[in-house]
$ cat input-v4.cif   # mmCIF, C-alpha atoms
data_coords
loop_
_atom_site.label_atom_id
_atom_site.label_comp_id
_atom_site.auth_asym_id
_atom_site.auth_seq_id
_atom_site.Cartn_x
_atom_site.Cartn_y
_atom_site.Cartn_z
CA MET A 1 16.28 25.45 -26.08
CA ASN A 2 13.61 22.83 -26.64
CA ASP A 3 13.55 19.05 -26.23
CA PRO A 4 14.54 18.03 -29.81
CA GLU A 5 17.50 20.44 -29.79
CA ILE A 6 18.78 19.01 -26.51
CA ARG A 7 18.36 15.40 -27.64
CA ALA A 8 20.35 16.17 -30.79
CA LEU A 9 23.26 17.16 -28.55
CA LEU A 10 22.87 14.07 -26.34
CA TYR A 11 22.67 11.30 -28.93
CA PRO A 12 26.29 11.56 -30.19
CA LEU A 13 27.52 11.16 -26.59
CA LEU A 14 25.85 7.77 -26.10
CA LEU A 15 28.58 5.41 -27.23
CA GLY A 16 28.06 1.66 -27.44
CA GLY A 17 24.90 -0.27 -26.75
CA VAL A 18 21.54 1.11 -27.82
CA ARG A 19 19.30 4.01 -26.94
CA ILE A 20 15.55 3.92 -26.47
CA ASP A 21 13.39 7.03 -26.50
CA GLU A 22 10.27 7.33 -24.35
CA LEU A 23 10.72 4.04 -22.48
CA PRO A 24 7.77 3.39 -20.12
CA THR A 25 9.21 3.44 -16.60
CA GLY A 26 6.87 3.01 -13.66
CA THR A 27 4.15 5.64 -13.96
CA THR A 28 6.13 7.83 -16.35
CA ARG A 29 8.33 7.61 -19.45
CA ALA A 30 12.08 8.12 -19.54
CA ASP A 31 13.00 10.57 -22.30
CA VAL A 32 16.14 8.65 -23.32
CA VAL A 33 17.64 5.43 -21.94
CA HIS A 34 21.15 4.34 -22.88
CA ILE A 35 21.50 0.56 -22.48
CA THR A 36 24.74 -1.40 -22.73
CA GLU A 37 25.74 -4.88 -21.57
CA HIS A 38 26.84 -3.42 -18.23
CA PHE A 39 24.44 -0.62 -17.28
CA MET A 40 21.29 1.38 -18.00
CA HIS A 41 21.44 5.17 -17.88
CA GLY A 42 18.17 7.11 -17.81
CA TYR A 43 18.05 10.72 -19.05
CA GLU A 44 15.34 13.27 -18.35
CA VAL A 45 15.26 16.38 -20.57
CA LYS A 46 13.95 19.73 -19.32
CA GLY A 47 13.89 22.42 -22.00
CA ASP A 48 13.05 26.07 -21.52
CA GLY A 49 9.34 25.41 -21.94
CA ASP A 50 9.18 22.54 -19.43
CA THR A 51 8.28 22.71 -15.75
CA LEU A 52 9.69 20.81 -12.77
CA GLN A 53 6.33 19.65 -11.45
CA ARG A 54 6.93 15.95 -12.28
CA VAL A 55 10.52 15.73 -11.05
CA ALA A 56 9.67 13.95 -7.79
CA ASN A 57 7.74 11.17 -9.54
CA GLN A 58 10.28 10.87 -12.37
CA LEU A 59 13.13 10.61 -9.90
CA ARG A 60 11.32 7.91 -7.92
CA CYS A 61 10.56 5.84 -11.02
CA TYR A 62 14.06 6.20 -12.52
CA GLY A 63 15.73 5.49 -9.20
CA GLU A 64 13.97 2.13 -8.94
CA VAL A 65 15.38 0.77 -12.22
CA TYR A 66 18.35 2.65 -13.73
CA ASP A 67 21.99 2.27 -12.69
CA PHE A 68 22.63 5.93 -13.52
CA VAL A 69 20.25 8.88 -13.84
CA THR A 70 20.98 12.28 -15.39
CA PHE A 71 18.79 15.35 -15.80
CA ILE A 72 19.61 17.52 -18.82
CA ILE A 73 18.35 21.04 -18.27
CA THR A 74 18.72 24.59 -19.45
CA GLU A 75 20.36 27.19 -17.25
CA LYS A 76 17.02 28.63 -16.09
CA HIS A 77 16.11 25.38 -14.27
CA LEU A 78 19.38 24.88 -12.38
CA PRO A 79 18.68 26.90 -9.19
CA LYS A 80 15.30 25.27 -8.59
CA LEU A 81 16.31 21.75 -9.64
CA LEU A 82 19.44 21.37 -7.51
CA PRO A 83 17.61 21.10 -4.15
CA LEU A 84 15.29 18.44 -5.61
CA LEU A 85 17.95 15.94 -6.67
CA PRO A 86 20.15 13.69 -4.51
CA GLU A 87 23.89 13.94 -5.10
CA TRP A 88 24.12 10.70 -7.08
CA VAL A 89 21.91 12.14 -9.88
CA GLY A 90 23.93 13.72 -12.68
CA ILE A 91 23.18 17.12 -14.19
CA LEU A 92 24.03 18.37 -17.68
CA VAL A 93 23.33 21.98 -18.63
CA ALA A 94 22.39 22.53 -22.26
CA SER A 95 23.73 25.49 -24.20
CA ALA A 96 23.37 26.26 -27.89
CA ASP A 97 26.33 24.11 -28.93
CA GLU A 98 27.00 21.56 -26.19
CA LEU A 99 25.98 19.86 -22.96
CA CYS A 100 28.10 21.14 -20.09
CA PRO A 101 28.51 18.79 -17.11
CA HIS A 102 27.47 20.36 -13.82
CA ARG A 103 28.10 17.08 -12.00
CA ALA A 104 28.55 13.49 -13.13
CA ALA A 105 26.03 10.78 -12.30
CA GLY A 106 27.03 8.42 -9.53
CA TYR A 107 26.05 4.77 -9.19
CA ASN A 108 22.46 4.32 -8.06
CA ALA A 109 22.13 1.90 -5.13
CA THR A 110 18.32 2.10 -4.93
CA VAL A 111 17.37 -0.23 -7.83
CA GLU A 112 14.67 -2.77 -6.90
CA ARG A 113 13.81 -6.10 -8.48
CA ALA A 114 10.04 -5.71 -8.94
CA PRO A 115 10.06 -2.30 -10.69
CA LEU A 116 13.05 -3.41 -12.79
CA ALA A 117 11.14 -6.45 -14.03
CA LYS A 118 8.26 -4.17 -15.05
CA LEU A 119 10.42 -2.90 -17.93
CA LEU A 120 9.77 -6.28 -19.58
CA LEU A 121 6.68 -8.19 -20.66
CA LEU A 122 5.21 -10.50 -18.04
CA GLU A 123 5.97 -13.59 -20.14
CA GLU A 124 9.62 -12.56 -20.40
CA VAL A 125 9.87 -12.31 -16.63
CA LYS A 126 8.25 -15.71 -16.21
CA GLN A 127 10.73 -17.24 -18.67
CA PHE A 128 13.57 -15.80 -16.61
CA LEU A 129 12.18 -17.25 -13.36
CA LEU A 130 11.47 -20.66 -14.92
CA ALA A 131 15.01 -20.79 -16.31
CA ARG A 132 16.28 -20.41 -12.73
CA GLY A 133 14.30 -23.49 -11.68
CA LEU A 134 11.49 -21.62 -9.94
CA THR A 135 8.43 -23.75 -10.60
CA GLY A 136 4.84 -22.61 -10.30
CA VAL A 137 5.43 -19.12 -11.67
CA SER A 138 3.85 -19.75 -15.07
CA THR A 139 0.34 -19.29 -13.65
CA LEU A 140 1.11 -16.18 -11.59
CA ARG A 141 -0.44 -12.84 -12.44
CA SER A 142 1.54 -9.63 -12.80
CA ARG A 143 0.86 -8.48 -9.24
CA GLU A 144 1.81 -11.89 -7.85
CA VAL A 145 5.09 -11.89 -9.75
CA SER A 146 5.88 -8.41 -8.41
CA ASN A 147 5.12 -9.50 -4.84
CA PHE A 148 7.34 -12.54 -5.28
CA LEU A 149 10.24 -10.45 -6.55
CA ARG A 150 9.88 -8.00 -3.65
CA THR A 151 10.21 -10.71 -1.02
CA THR A 152 12.33 -13.49 -2.51
CA GLN A 153 16.03 -13.95 -1.89
CA LEU A 154 16.29 -16.53 -4.66
CA VAL A 155 16.68 -14.00 -7.49
CA PRO A 156 19.91 -11.94 -7.39
CA LEU A 157 19.37 -8.36 -8.51
CA SER A 158 22.47 -8.52 -10.72
CA SER A 159 21.14 -11.53 -12.66
CA LEU A 160 17.75 -9.95 -13.21
CA ALA A 161 19.33 -6.65 -14.28
CA GLN A 162 21.53 -8.41 -16.82
CA TYR A 163 18.52 -10.26 -18.25
CA VAL A 164 16.51 -7.02 -18.51
CA ARG A 165 19.35 -5.31 -20.39
CA GLU A 166 19.70 -8.24 -22.78
CA ARG A 167 16.00 -8.35 -23.55
CA LEU A 168 15.67 -4.59 -24.12
CA ILE A 169 18.71 -4.58 -26.41
CA ALA A 170 17.36 -7.56 -28.37
CA ARG A 171 13.97 -5.90 -28.71
CA LEU A 172 15.30 -2.67 -30.26
CA PRO A 173 15.34 -3.87 -33.92
CA GLU A 174 11.68 -4.85 -33.53
CA ARG A 175 10.87 -1.40 -32.10
CA LEU A 176 12.63 0.31 -35.01
CA LEU A 177 10.82 -1.87 -37.55
CA MET A 178 7.43 -1.10 -36.02
CA ARG A 179 8.27 2.60 -35.94
CA ALA A 180 9.27 2.52 -39.62
CA GLU A 181 6.05 0.68 -40.53
CA ARG A 182 3.91 3.23 -38.68
CA LYS A 183 5.73 6.07 -40.40
CA ALA A 184 5.24 4.48 -43.82
CA GLU A 185 1.56 3.96 -43.08
CA ARG A 186 1.13 7.61 -42.13
CA GLU A 187 2.82 8.68 -45.37
CA ARG A 188 0.46 6.50 -47.44
CA LEU A 189 -2.64 8.01 -45.90
CA PRO A 190 -3.99 11.20 -47.46
CA PRO A 191 -3.50 14.26 -45.31
CA ARG A 192 -6.38 15.06 -43.08
CA ARG A 193 -8.39 18.05 -44.09
CA LYS A 194 -9.13 20.55 -41.42
CA LYS A 195 -12.79 20.97 -40.81
CA ALA A 196 -13.99 24.32 -42.00
CA ARG A 197 -15.37 26.41 -39.24
CA PRO A 198 -19.03 27.32 -39.75
CA LYS A 199 -19.40 30.88 -40.84
CA ALA A 200 -20.91 33.16 -38.27
CA LYS A 201 -24.38 34.25 -39.25
CA LYS A 202 -24.67 37.91 -39.98
CA LYS A 203 -27.00 39.70 -37.70
CA LYS A 204 -29.88 41.41 -39.45
CA PRO A 205 -30.00 45.13 -38.81
CA ALA A 206 -32.73 45.98 -36.39
CA GLY A 207 -35.68 47.62 -38.13
CA ARG A 208 -36.79 51.05 -37.17
CA LYS A 209 -39.63 51.11 -34.73
CA LYS A 210 -42.80 52.69 -36.07
CA ALA A 211 -43.68 55.91 -34.38
CA SER A 212 -46.70 55.49 -32.24
CA ALA A 213 -49.74 57.51 -33.15
CA ALA A 214 -50.12 60.65 -31.14
#
$ encode --input "input-v4.cif" --output "structure tokens"
Amino acid sequence: MNDPEIRALLYPLLLGGVRIDELPTGTTRADVVHITEHFMHGYEVKGDGDTLQRVANQLRCYGEVYDFVTFIITEKHLPKLLPLLPEWVGILVASADELCPHRAAGYNATVERAPLAKLLLLEEVKQFLLARGLTGVSTLRSREVSNFLRTTQLVPLSSLAQYVRERLIARLPERLLMRAERKAERERLPPRRKKARPKAKKKKPAGRKKASAA
């Protein structure tokens, strides 16, 4: 099974809230993120043609921001993937007709404030901090905001997480509109013509050598 086939089985299971495909998360992108008022659940899809080379980095990035994390894989990946994942990470095994639960995702207790805030625009994070009465943040750069969030005890993780969920949910209609506009623009453009490959020059047959005079 490939990625689109697996996603088609996943989407009907995501009830309530919104879903975002390919959400930038740390140094990677989460295949699908299900966001509701109460949690964010990140899904990573591994089809038959995928490898497990990026699992360590994906797990690190997802573990810093999502309340729940689930890997959706085909049967071929299960033996090699199991030793790579902690017990709180859920696993769904994709078959032709359904996603079979191997184990349910548990609550992730490793979420951190600074990586979580990176899911938003810098100005959005500053607005959140200013609304909490934290002055002087409007001039901070991205790295300075991250350092502040790593060390401060003035920003509860639960409050920041709720704000991040609200902003991502509110932003979805804008994402969909931009996606529709890009699609319409592509349809208006004439199809690109493939460049014709230059024809290989035919080699001239080698002439017969003249016999040397005796």
$ resolve_selection --input "input-v4.cif" --expression "the PyMOL selection byres ((chain A and resi 3) around 8)" --output "list in words"
Met1, Asn2, Pro4, Glu5, Ile6, Arg7, Val45, Lys46 and Gly47 of chain A
$ resolve_selection --input "input-v4.cif" --expression "the PyMOL selection byres ((chain A and resi 61) around 8)" --output "JSON, numbers by chain"
{"A": [25, 26, 27, 28, 57, 58, 59, 60, 62, 63, 64, 65]}
$ residues_around --input "input-v4.cif" --residues "A:Leu15" --least-positions-apart "2" --cutoff "12 Å" --atoms "only C-alpha atoms" --output "VMD selection string"
chain A and resid 10 to 13 17 to 19 34 to 36 41
$ resolve_selection --input "input-v4.cif" --expression "the PyMOL selection byres ((chain A and resi 87) around 12)" --output "list of chain:residue names"
A:Phe68, A:Val69, A:Thr70, A:Phe71, A:Leu81, A:Leu82, A:Pro83, A:Leu84, A:Leu85, A:Pro86, A:Trp88, A:Val89, A:Gly90, A:Ile91, A:His102, A:Arg103, A:Ala104, A:Ala105, A:Gly106, A:Tyr107, A:Asn108
$ closest_residue --input "input-v4.cif" --among "A:Arg171, A:His38, A:Arg143, A:Arg54" --to "A:Ser159" --atoms "all atoms listed in the file"
A:His38
$ atom_distance --input "input-v4.cif" --atom1 "atom CA of A:Val111" --atom2 "atom CA of A:Ala8"
28.4 Å
$ atom_distance --input "input-v4.cif" --atom1 "atom CA of A:Thr139" --atom2 "atom CA of A:Thr152"
17.4 Å
$ atom_distance --input "input-v4.cif" --atom1 "atom CA of A:Leu92" --atom2 "atom CA of A:Ile20"
18.9 Å
$ residues_near_point --input "input-v4.cif" --point "(18.0, -7.8, -23.1)" --cutoff "12 Å" --atoms "only C-alpha atoms" --output "number ranges by chain"
A: 17-18, 35-40, 117, 119-121, 124-125, 128, 159-173
$ closest_residue --input "input-v4.cif" --among "A:Leu9, A:Thr110, A:Leu23, A:Lys76" --to "A:Glu98" --atoms "all atoms listed in the file"
A:Leu9
$ residues_around --input "input-v4.cif" --residues "stretch 131-138 of chain A" --least-positions-apart "3" --cutoff "10 Å" --atoms "only C-alpha atoms" --output "CSV table (one decimal) with C-alpha atoms, in the coordinates of the input"
chain,number,residue,atom,x,y,z
A,122,LEU,CA,5.2,-10.5,-18.0
A,123,GLU,CA,6.0,-13.6,-20.1
A,125,VAL,CA,9.9,-12.3,-16.6
A,126,LYS,CA,8.2,-15.7,-16.2
A,127,GLN,CA,10.7,-17.2,-18.7
A,128,PHE,CA,13.6,-15.8,-16.6
A,141,ARG,CA,-0.4,-12.8,-12.4
A,144,GLU,CA,1.8,-11.9,-7.8
A,145,VAL,CA,5.1,-11.9,-9.8
A,148,PHE,CA,7.3,-12.5,-5.3
A,154,LEU,CA,16.3,-16.5,-4.7
A,155,VAL,CA,16.7,-14.0,-7.5
$ closest_residue --input "input-v4.cif" --among "A:Ala184, A:Leu78, A:Ala114, A:Leu52" --to "A:Leu157" --atoms "all atoms listed in the file"
A:Ala114
$ closest_residue --input "input-v4.cif" --among "A:Glu44, A:Pro115, A:Gln53, A:Gln153" --to "A:Val93" --atoms "only C-alpha atoms"
A:Glu44
